[in-house]
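Text of the file work19.cif, holding mmCIF, C-alpha atoms and all ligand atoms:
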data_work
loop_
_atom_site.label_atom_id
_atom_site.label_comp_id
_atom_site.auth_asym_id
_atom_site.auth_seq_id
_atom_site.Cartn_x
_atom_site.Cartn_y
_atom_site.Cartn_z
CA MET A 10 -5.64 -67.33 -230.77
CA ILE A 11 -4.07 -70.57 -229.57
CA ILE A 12 -1.90 -72.58 -231.95
CA ALA A 13 -0.95 -76.03 -230.68
CA ILE A 14 2.00 -77.80 -232.26
CA ASP A 15 2.66 -81.35 -231.11
CA GLY A 16 4.80 -84.18 -232.37
CA PRO A 17 7.71 -86.52 -231.64
CA ALA A 18 11.24 -85.53 -230.66
CA ALA A 19 13.35 -83.52 -233.11
CA ALA A 20 10.55 -83.15 -235.66
CA GLY A 21 11.34 -79.44 -236.00
CA LYS A 22 8.41 -78.22 -233.89
CA GLY A 23 10.44 -75.59 -232.07
CA THR A 24 11.80 -73.87 -235.18
CA LEU A 25 8.39 -73.99 -236.79
CA ALA A 26 6.53 -72.73 -233.73
CA ARG A 27 8.96 -69.87 -233.19
CA ARG A 28 8.63 -68.71 -236.79
CA ILE A 29 4.83 -68.96 -236.82
CA ALA A 30 4.69 -66.99 -233.57
CA ALA A 31 6.90 -64.25 -235.03
CA ALA A 32 4.85 -64.11 -238.24
CA LEU A 33 1.59 -63.71 -236.31
CA GLY A 34 2.93 -61.50 -233.50
CA LEU A 35 2.12 -64.07 -230.82
CA PRO A 36 4.21 -65.20 -227.83
CA TYR A 37 5.83 -68.63 -228.11
CA LEU A 38 6.18 -71.22 -225.34
CA ASP A 39 8.48 -74.23 -225.74
CA THR A 40 6.80 -76.52 -223.20
CA GLY A 41 9.59 -79.10 -223.46
CA LEU A 42 11.72 -76.62 -221.52
CA LEU A 43 9.42 -77.01 -218.51
CA TYR A 44 10.07 -80.76 -218.35
CA ARG A 45 13.76 -80.26 -219.08
CA ALA A 46 14.05 -77.76 -216.21
CA VAL A 47 12.31 -80.17 -213.84
CA GLY A 48 14.61 -83.00 -214.89
CA ARG A 49 17.68 -80.82 -214.35
CA ARG A 50 16.56 -79.81 -210.87
CA VAL A 51 16.09 -83.45 -209.89
CA LEU A 52 19.52 -84.39 -211.25
CA ASP A 53 21.04 -81.46 -209.30
CA SER A 54 19.51 -82.75 -206.09
CA GLY A 55 21.11 -86.16 -206.66
CA ALA A 56 17.74 -87.90 -206.95
CA ASP A 57 16.45 -90.18 -209.72
CA PRO A 58 14.27 -88.32 -212.30
CA ALA A 59 11.94 -91.34 -212.24
CA ASN A 60 11.27 -90.73 -208.52
CA PRO A 61 7.75 -89.21 -208.31
CA GLU A 62 8.29 -87.35 -205.01
CA ALA A 63 11.56 -85.74 -206.08
CA ALA A 64 10.21 -84.82 -209.53
CA THR A 65 6.97 -83.38 -208.18
CA THR A 66 8.81 -81.27 -205.59
CA ALA A 67 11.02 -79.93 -208.40
CA ALA A 68 8.02 -79.19 -210.66
CA ARG A 69 6.34 -77.21 -207.89
CA SER A 70 9.39 -75.08 -207.19
CA LEU A 71 10.49 -74.01 -210.68
CA THR A 72 11.60 -70.40 -211.04
CA GLU A 73 12.43 -68.22 -214.03
CA ALA A 74 16.14 -68.94 -213.49
CA ASP A 75 15.56 -72.63 -214.21
CA PHE A 76 14.66 -71.79 -217.82
CA GLN A 77 17.77 -69.68 -218.37
CA ARG A 78 20.13 -72.59 -217.69
CA THR A 79 22.49 -73.55 -220.49
CA ASP A 80 22.40 -77.28 -219.74
CA LEU A 81 18.79 -78.05 -220.70
CA ARG A 82 19.76 -79.76 -223.98
CA GLY A 83 21.79 -82.90 -224.57
CA PRO A 84 21.28 -86.61 -223.94
CA GLU A 85 21.17 -86.46 -220.13
CA ALA A 86 18.63 -83.62 -220.09
CA ASP A 87 16.56 -85.33 -222.84
CA LYS A 88 16.26 -88.51 -220.82
CA ALA A 89 15.56 -86.80 -217.51
CA ALA A 90 12.84 -84.66 -219.16
CA SER A 91 11.14 -87.72 -220.59
CA GLN A 92 11.29 -89.50 -217.23
CA VAL A 93 9.76 -86.67 -215.20
CA ALA A 94 7.18 -86.09 -217.96
CA SER A 95 5.65 -89.52 -217.39
CA ILE A 96 4.73 -88.65 -213.78
CA PRO A 97 1.10 -87.41 -213.52
CA ALA A 98 1.75 -85.08 -210.56
CA VAL A 99 4.55 -83.37 -212.48
CA ARG A 100 2.23 -82.75 -215.44
CA ALA A 101 -0.49 -81.49 -213.09
CA ALA A 102 1.96 -79.04 -211.48
CA LEU A 103 2.84 -77.56 -214.91
CA LEU A 104 -0.65 -77.44 -216.39
CA GLN A 105 -1.93 -74.10 -215.07
CA PHE A 106 1.24 -72.27 -216.04
CA GLN A 107 0.78 -73.39 -219.65
CA ARG A 108 -2.90 -72.45 -219.72
CA HIS A 109 -2.26 -69.04 -218.17
CA TYR A 110 0.50 -68.39 -220.66
CA GLY A 111 -1.96 -68.51 -223.53
CA ALA A 112 -4.85 -66.87 -221.70
CA THR A 113 -4.30 -63.16 -222.37
CA ILE A 114 -3.37 -62.52 -225.99
CA GLY A 115 -3.01 -66.12 -227.16
CA ALA A 116 0.15 -68.04 -227.97
CA VAL A 117 1.88 -70.65 -230.04
CA LEU A 118 2.86 -73.61 -227.85
CA ASP A 119 4.80 -76.71 -228.85
CA GLY A 120 5.00 -80.00 -227.00
CA ARG A 121 3.36 -83.40 -226.84
CA ASP A 122 -0.08 -82.80 -225.32
CA ILE A 123 -0.92 -79.20 -226.22
CA GLY A 124 -3.79 -80.06 -228.57
CA THR A 125 -5.04 -83.00 -226.49
CA ILE A 126 -4.79 -81.88 -222.84
CA ILE A 127 -3.56 -78.32 -222.39
CA PHE A 128 -5.69 -76.60 -225.05
CA PRO A 129 -8.22 -79.13 -226.40
CA ASN A 130 -10.11 -76.19 -227.97
CA ALA A 131 -7.07 -74.62 -229.65
CA ASP A 132 -7.88 -72.62 -232.79
CA VAL A 133 -5.29 -74.51 -234.82
CA LYS A 134 -3.66 -77.87 -234.09
CA LEU A 135 -0.72 -79.19 -236.06
CA PHE A 136 0.86 -82.60 -235.52
CA VAL A 137 4.36 -82.21 -236.91
CA THR A 138 6.31 -85.36 -237.61
CA ALA A 139 9.13 -86.74 -239.76
CA SER A 140 10.71 -90.15 -240.28
CA LEU A 141 13.09 -91.40 -237.58
CA GLU A 142 15.91 -91.10 -240.10
CA ALA A 143 15.17 -87.45 -240.93
CA ARG A 144 14.83 -86.57 -237.27
CA THR A 145 18.07 -88.38 -236.46
CA GLN A 146 19.96 -86.40 -239.10
CA ARG A 147 18.54 -83.10 -237.86
CA ARG A 148 19.29 -83.74 -234.17
CA TYR A 149 22.76 -85.02 -235.06
CA ALA A 150 23.53 -81.80 -236.97
CA GLU A 151 22.14 -79.73 -234.08
CA ILE A 152 24.37 -81.49 -231.51
CA LEU A 153 27.46 -81.16 -233.71
CA GLY A 154 26.54 -77.49 -234.18
CA ARG A 155 26.76 -77.02 -230.41
CA GLY A 156 30.31 -78.37 -230.61
CA GLU A 157 29.48 -81.61 -228.81
CA ALA A 158 30.58 -85.09 -229.86
CA VAL A 159 28.00 -87.80 -230.50
CA SER A 160 27.46 -90.80 -232.78
CA LEU A 161 24.61 -91.03 -235.26
CA GLU A 162 23.68 -94.43 -233.80
CA ASP A 163 23.35 -93.00 -230.28
CA VAL A 164 21.18 -90.12 -231.52
CA ARG A 165 18.89 -92.54 -233.38
CA ALA A 166 18.62 -94.90 -230.39
CA ASP A 167 17.92 -92.04 -227.95
CA LEU A 168 15.19 -90.56 -230.17
CA ALA A 169 13.54 -93.95 -230.69
CA ALA A 170 13.61 -94.72 -226.97
CA ARG A 171 12.18 -91.32 -226.01
CA ASP A 172 9.41 -91.54 -228.66
CA GLU A 173 8.46 -94.97 -227.38
CA ALA A 174 8.36 -93.73 -223.77
CA ASP A 175 6.35 -90.63 -224.75
CA ARG A 176 3.85 -92.62 -226.81
CA THR A 177 3.26 -95.43 -224.34
CA ARG A 178 3.07 -93.58 -221.02
CA THR A 179 -0.34 -93.42 -219.40
CA ALA A 180 -0.15 -89.71 -218.46
CA ALA A 181 -0.83 -87.52 -221.51
CA PRO A 182 0.81 -89.80 -224.07
CA LEU A 183 2.05 -88.40 -227.37
CA VAL A 184 -0.85 -88.87 -229.77
CA GLN A 185 -2.24 -86.87 -232.67
CA ALA A 186 -5.43 -85.06 -231.62
CA ALA A 187 -8.44 -86.17 -233.68
CA ASP A 188 -8.82 -82.65 -235.09
CA ALA A 189 -5.11 -81.93 -235.67
CA THR A 190 -3.64 -81.54 -239.16
CA LEU A 191 -0.71 -83.86 -239.86
CA LEU A 192 2.41 -82.24 -241.30
CA ASP A 193 5.14 -84.68 -242.30
CA THR A 194 8.35 -82.71 -242.82
CA SER A 195 10.60 -85.68 -243.77
CA ALA A 196 11.19 -84.29 -247.26
CA MET A 197 11.03 -80.58 -246.39
CA ASP A 198 13.71 -78.17 -245.29
CA ALA A 199 12.95 -75.64 -242.55
CA ASP A 200 11.74 -72.97 -244.99
CA ALA A 201 9.41 -75.36 -246.84
CA ALA A 202 8.00 -76.68 -243.55
CA PHE A 203 7.39 -73.11 -242.35
CA ALA A 204 5.65 -72.09 -245.59
CA LYS A 205 3.39 -75.15 -245.43
CA ALA A 206 2.62 -74.72 -241.72
CA LEU A 207 1.85 -71.02 -242.10
CA ALA A 208 -0.52 -71.76 -244.99
CA LEU A 209 -2.30 -74.37 -242.85
CA VAL A 210 -2.58 -71.94 -239.94
CA GLN A 211 -3.91 -69.17 -242.18
CA ALA A 212 -6.48 -71.49 -243.75
CA LYS A 213 -7.72 -72.76 -240.36
CA ALA A 214 -7.65 -69.46 -238.52
CA ALA A 215 -8.63 -67.13 -241.39
CA PRO A 216 -11.63 -65.62 -239.58
CA ARG A 217 -9.46 -64.65 -236.62
CA LEU A 218 -6.38 -63.27 -238.39
O1 LIG B 301 13.28 -80.87 -228.51
P1 LIG B 301 12.72 -82.28 -228.42
O2 LIG B 301 11.66 -82.52 -229.44
O3 LIG B 301 13.79 -83.32 -228.42
O4 LIG B 301 12.08 -82.43 -226.98
P2 LIG B 301 11.20 -81.41 -226.11
O5 LIG B 301 10.03 -80.94 -226.91
O6 LIG B 301 12.08 -80.37 -225.50
O7 LIG B 301 10.64 -82.38 -224.96
C1 LIG B 301 11.50 -83.08 -224.08
C2 LIG B 301 10.69 -84.16 -223.38
O8 LIG B 301 9.72 -83.50 -222.55
C3 LIG B 301 9.88 -85.06 -224.31
O9 LIG B 301 10.57 -86.23 -224.68
C4 LIG B 301 8.63 -85.39 -223.47
O10 LIG B 301 8.85 -86.54 -222.67
C5 LIG B 301 8.48 -84.19 -222.56
N1 LIG B 301 7.40 -83.28 -222.95
C6 LIG B 301 6.11 -83.64 -222.62
O11 LIG B 301 5.87 -84.71 -222.08
N2 LIG B 301 5.08 -82.79 -222.87
C7 LIG B 301 5.29 -81.61 -223.48
N3 LIG B 301 4.26 -80.79 -223.69
C8 LIG B 301 6.60 -81.25 -223.88
C9 LIG B 301 7.64 -82.12 -223.61
#
Would you mind writing the file out in structure tokens?
Amino acid sequence: MIIAIDGPAAAGKGTLARRIAAALGLPYLDTGLLYRAVGRRVLDSGADPANPEAATTAARSLTEADFQRTDLRGPEADKAASQVASIPAVRAALLQFQRHYGATIGAVLDGRDIGTIIFPNADVKLFVTASLEARTQRRYAEILGRGEAVSLEDVRADLAARDEADRTRTAAPLVQAADATLLDTSAMDADAAFAKALALVQAKAAPRL
């Protein structure tokens, strides 16, 4: 059972994916963490995350410890992740890991290209989105919740810039798969979004649950 959850930044995919995974007893992979970890490694080395050689070397040498870091969130990590994610060789280096992750007992994965590239035959595909304004408010609250200072304007501008970069890149751009179900959570809280998503998953995957 593979459940692919894609969509733009701060649409609530992570919360949703984690809850669906728990409800169905499946493992959950936040694939954004892979790109965040690569971006962090490149920044550590003093190189530019847009540099293909540096980013590809980092992607090929990721270890478990890279995912345990506490500095994978925040504006700098967001931007570096988006930059390394546009490099085809970086995506190629991370592809098998993602496919293997789901290979044994299945998984819920969230990202940008799960339903289009990583698991084009996923059992269920959701494209989770929300208005820029709703996503801005959610990310703003999340950052304040971590005790960090930020302005609403900067959050909005960063999200818009990252969405634009993710949608217009040539390598695995953010796009709704033809057979994905659209879930717009602009007017839903986390519980309502979860209830709706779980109902969609159960309807699509009924024969396998
Ligand atoms: O949490 P948020 O929605 O802000 O971002 P994320 O899912 O952690 O992804 C961070 C960045 O990694 C995105 O802006 C994408 O550029 C990239 N990414 C990707 O290209 N493909 C994925 N499957 C997941 C993330």
Point-to-point distance from atom O2 of ligand LIG 301 (chain B) to atom CA of Ala90 of chain A, Å rounded to tenths: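 So the two atoms, atom O2 of ligand LIG 301 (chain B) and atom CA of Ala90 of chain A, lie 10.6 Å apart.
Within 9 Å of the point (12.2, -72.5, -237.3) in file coordinates, and counting only C-alpha atoms, lie the residues Gly21, Lys22, Gly23, Thr24, Leu25, Ala26, Arg27, Arg28, Ile29, Ala199, Asp200, Ala202 and Phe203 of chain A.
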Export, as a PDB file, in the coordinates of the input, the selected residues with C-alpha atoms.
ATOM      1  CA  GLY A  21      11.340 -79.440-236.000  1.00  0.00           C
ATOM      2  CA  LYS A  22       8.410 -78.220-233.890  1.00  0.00           C
ATOM      3  CA  GLY A  23      10.440 -75.590-232.070  1.00  0.00           C
ATOM      4  CA  THR A  24      11.800 -73.870-235.180  1.00  0.00           C
ATOM      5  CA  LEU A  25       8.390 -73.990-236.790  1.00  0.00           C
ATOM      6  CA  ALA A  26       6.530 -72.730-233.730  1.00  0.00           C
ATOM      7  CA  ARG A  27       8.960 -69.870-233.190  1.00  0.00           C
ATOM      8  CA  ARG A  28       8.630 -68.710-236.790  1.00  0.00           C
ATOM      9  CA  ILE A  29       4.830 -68.960-236.820  1.00  0.00           C
ATOM     10  CA  ALA A 199      12.950 -75.640-242.550  1.00  0.00           C
ATOM     11  CA  ASP A 200      11.740 -72.970-244.990  1.00  0.00           C
ATOM     12  CA  ALA A 202       8.000 -76.680-243.550  1.00  0.00           C
ATOM     13  CA  PHE A 203       7.390 -73.110-242.350  1.00  0.00           C
TER      14      PHE A 203
END
Segment 30-42 of chain A surroundings by all atoms listed in the file, 8 Å radius, close-in-sequence under 6 positions cut, as a PyMOL selection string: chain A and resi 23+76+81+90+107+110+114-120
Proximity to ligand LIG 301 (chain B) - best of A:Leu168, A:Ala112, A:Ala98, A:Val159, all atoms listed in the file: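 Of all the options, A:Leu168 lies closest to ligand LIG 301 (chain B).
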Given 9 Å and only C-alpha atoms and all ligand atoms, residues near ligand LIG 301 (chain B) as a PyMOL selection string: chain A and resi 15-23+39-45+81-83+86-95+100+118-123+127+148+168+171-172+174-176+180-183
Selection near Asp75 of chain A, 10 Å with only C-alpha atoms, sequence-local residues under 3 positions removed, as a ChimeraX atom specification: /A:42-43,45-47,49-50,70-72,78-81
From A:Gln185, A:Thr65, A:Ser160, A:Thr177, residue lying nearest Pro97 of chain A [all atoms listed in the file]: A:Thr65
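If you look at atom CA of Glu62 of chain A and atom CA of Ala74 of chain A, they are 21.7 Å away from each other.
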Residues near segment 207-217 of chain A, cut-off 8 Å, all atoms listed in the file, skip fewer than 5 positions along chain, as a list in words: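 After dropping sequence-adjacent residues, the list is Met10, Ile29, Asp132 and Val133 of chain A.
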For Ala67 of chain A, the nearest of the candidates A:Ala187, A:Val99, A:Ala139, A:Met197, counting all atoms listed in the file: A:Val99
Point-to-point distance from atom CA of Val137 of chain A to atom CA of Asp193 of chain A, Å rounded to tenths: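 Computed distance, atom CA of Val137 of chain A to atom CA of Asp193 of chain A, equals 6.0 Å.
With only C-alpha atoms as the atoms that count, the residue of A:Ala68, A:Ala101, A:Ala131, A:Ala56 with the shortest distance to Ala189 of chain A is A:Ala131.
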Residue among A:Leu141, A:Gln146, A:Gly156, A:Gln105 lying closest to Ala170 of chain A, counting all atoms listed in the file: A:Leu141
Of the listed residues A:Arg147, A:Ala64, A:Gly154, A:Asp163, that which approaches Asp198 of chain A most closely, counting all atoms listed in the file: A:Arg147
Can you pull segment 112-123 of chain A out of that block with all heavy atoms and hand it back as an mmCIF file, in the first residue's frame?
data_model
loop_
_atom_site.group_PDB
_atom_site.id
_atom_site.type_symbol
_atom_site.label_atom_id
_atom_site.label_comp_id
_atom_site.auth_asym_id
_atom_site.auth_seq_id
_atom_site.Cartn_x
_atom_site.Cartn_y
_atom_site.Cartn_z
ATOM 1 N N ALA A 112 9.000 -0.275 -0.314
ATOM 2 C CA ALA A 112 8.925 -1.564 -1.007
ATOM 3 C C ALA A 112 8.428 -2.727 -0.151
ATOM 4 O O ALA A 112 7.776 -3.632 -0.660
ATOM 5 C CB ALA A 112 10.280 -1.913 -1.601
ATOM 6 N N THR A 113 8.706 -2.747 1.142
ATOM 7 C CA THR A 113 8.394 -3.954 1.917
ATOM 8 C C THR A 113 6.939 -4.006 2.375
ATOM 9 O O THR A 113 6.159 -4.829 1.881
ATOM 10 C CB THR A 113 9.348 -4.105 3.121
ATOM 11 O OG1 THR A 113 9.537 -2.820 3.710
ATOM 12 C CG2 THR A 113 10.666 -4.686 2.694
ATOM 13 N N ILE A 114 6.577 -3.114 3.293
ATOM 14 C CA ILE A 114 5.176 -3.194 3.763
ATOM 15 C C ILE A 114 4.345 -2.013 3.289
ATOM 16 O O ILE A 114 3.218 -1.827 3.713
ATOM 17 C CB ILE A 114 5.095 -3.305 5.303
ATOM 18 C CG1 ILE A 114 5.701 -2.070 5.979
ATOM 19 C CG2 ILE A 114 5.754 -4.563 5.796
ATOM 20 C CD1 ILE A 114 5.283 -1.949 7.433
ATOM 21 N N GLY A 115 4.912 -1.177 2.427
ATOM 22 C CA GLY A 115 4.194 0.009 1.972
ATOM 23 C C GLY A 115 4.514 1.193 2.850
ATOM 24 O O GLY A 115 5.233 1.055 3.849
ATOM 25 N N ALA A 116 3.996 2.354 2.493
ATOM 26 C CA ALA A 116 4.320 3.566 3.243
ATOM 27 C C ALA A 116 3.429 4.710 2.808
ATOM 28 O O ALA A 116 2.802 4.666 1.742
ATOM 29 C CB ALA A 116 5.782 3.948 3.026
ATOM 30 N N VAL A 117 3.395 5.721 3.655
ATOM 31 C CA VAL A 117 2.845 7.023 3.283
ATOM 32 C C VAL A 117 4.052 7.933 3.075
ATOM 33 O O VAL A 117 4.927 7.999 3.937
ATOM 34 C CB VAL A 117 1.950 7.593 4.405
ATOM 35 C CG1 VAL A 117 1.402 8.958 3.995
ATOM 36 C CG2 VAL A 117 0.816 6.630 4.736
ATOM 37 N N LEU A 118 4.138 8.570 1.922
ATOM 38 C CA LEU A 118 5.249 9.485 1.648
ATOM 39 C C LEU A 118 4.684 10.839 1.264
ATOM 40 O O LEU A 118 3.702 10.910 0.508
ATOM 41 C CB LEU A 118 6.124 8.987 0.491
ATOM 42 C CG LEU A 118 6.763 7.605 0.658
ATOM 43 C CD1 LEU A 118 5.891 6.546 0.030
ATOM 44 C CD2 LEU A 118 8.140 7.574 -0.014
ATOM 45 N N ASP A 119 5.298 11.917 1.771
ATOM 46 C CA ASP A 119 4.864 13.235 1.304
ATOM 47 C C ASP A 119 6.025 13.984 0.678
ATOM 48 O O ASP A 119 7.179 13.764 1.026
ATOM 49 C CB ASP A 119 4.170 14.036 2.410
ATOM 50 C CG ASP A 119 5.110 14.778 3.328
ATOM 51 O OD1 ASP A 119 5.828 15.673 2.852
ATOM 52 O OD2 ASP A 119 5.116 14.469 4.533
ATOM 53 N N GLY A 120 5.687 14.808 -0.338
ATOM 54 C CA GLY A 120 6.730 15.540 -1.045
ATOM 55 C C GLY A 120 6.162 16.351 -2.189
ATOM 56 O O GLY A 120 5.102 16.981 -2.058
ATOM 57 N N ARG A 121 6.886 16.346 -3.301
ATOM 58 C CA ARG A 121 6.469 17.117 -4.468
ATOM 59 C C ARG A 121 6.233 16.232 -5.687
ATOM 60 O O ARG A 121 5.446 16.584 -6.568
ATOM 61 C CB ARG A 121 7.538 18.166 -4.842
ATOM 62 C CG ARG A 121 7.907 19.159 -3.740
ATOM 63 C CD ARG A 121 6.751 20.080 -3.438
ATOM 64 N NE ARG A 121 7.095 21.120 -2.458
ATOM 65 C CZ ARG A 121 7.257 20.932 -1.153
ATOM 66 N NH1 ARG A 121 7.100 19.737 -0.645
ATOM 67 N NH2 ARG A 121 7.549 21.952 -0.353
ATOM 68 N N ASP A 122 6.964 15.105 -5.735
ATOM 69 C CA ASP A 122 6.954 14.257 -6.941
ATOM 70 C C ASP A 122 6.670 12.803 -6.611
ATOM 71 O O ASP A 122 7.037 11.909 -7.363
ATOM 72 C CB ASP A 122 8.329 14.347 -7.635
ATOM 73 C CG ASP A 122 9.456 13.822 -6.744
ATOM 74 O OD1 ASP A 122 9.257 13.745 -5.507
ATOM 75 O OD2 ASP A 122 10.528 13.476 -7.286
ATOM 76 N N ILE A 123 6.023 12.556 -5.470
ATOM 77 C CA ILE A 123 5.819 11.157 -5.064
ATOM 78 C C ILE A 123 4.857 10.459 -6.036
ATOM 79 O O ILE A 123 5.135 9.353 -6.505
ATOM 80 C CB ILE A 123 5.282 11.063 -3.612
ATOM 81 C CG1 ILE A 123 6.161 11.884 -2.657
ATOM 82 C CG2 ILE A 123 5.199 9.599 -3.174
ATOM 83 C CD1 ILE A 123 7.619 11.520 -2.652
#
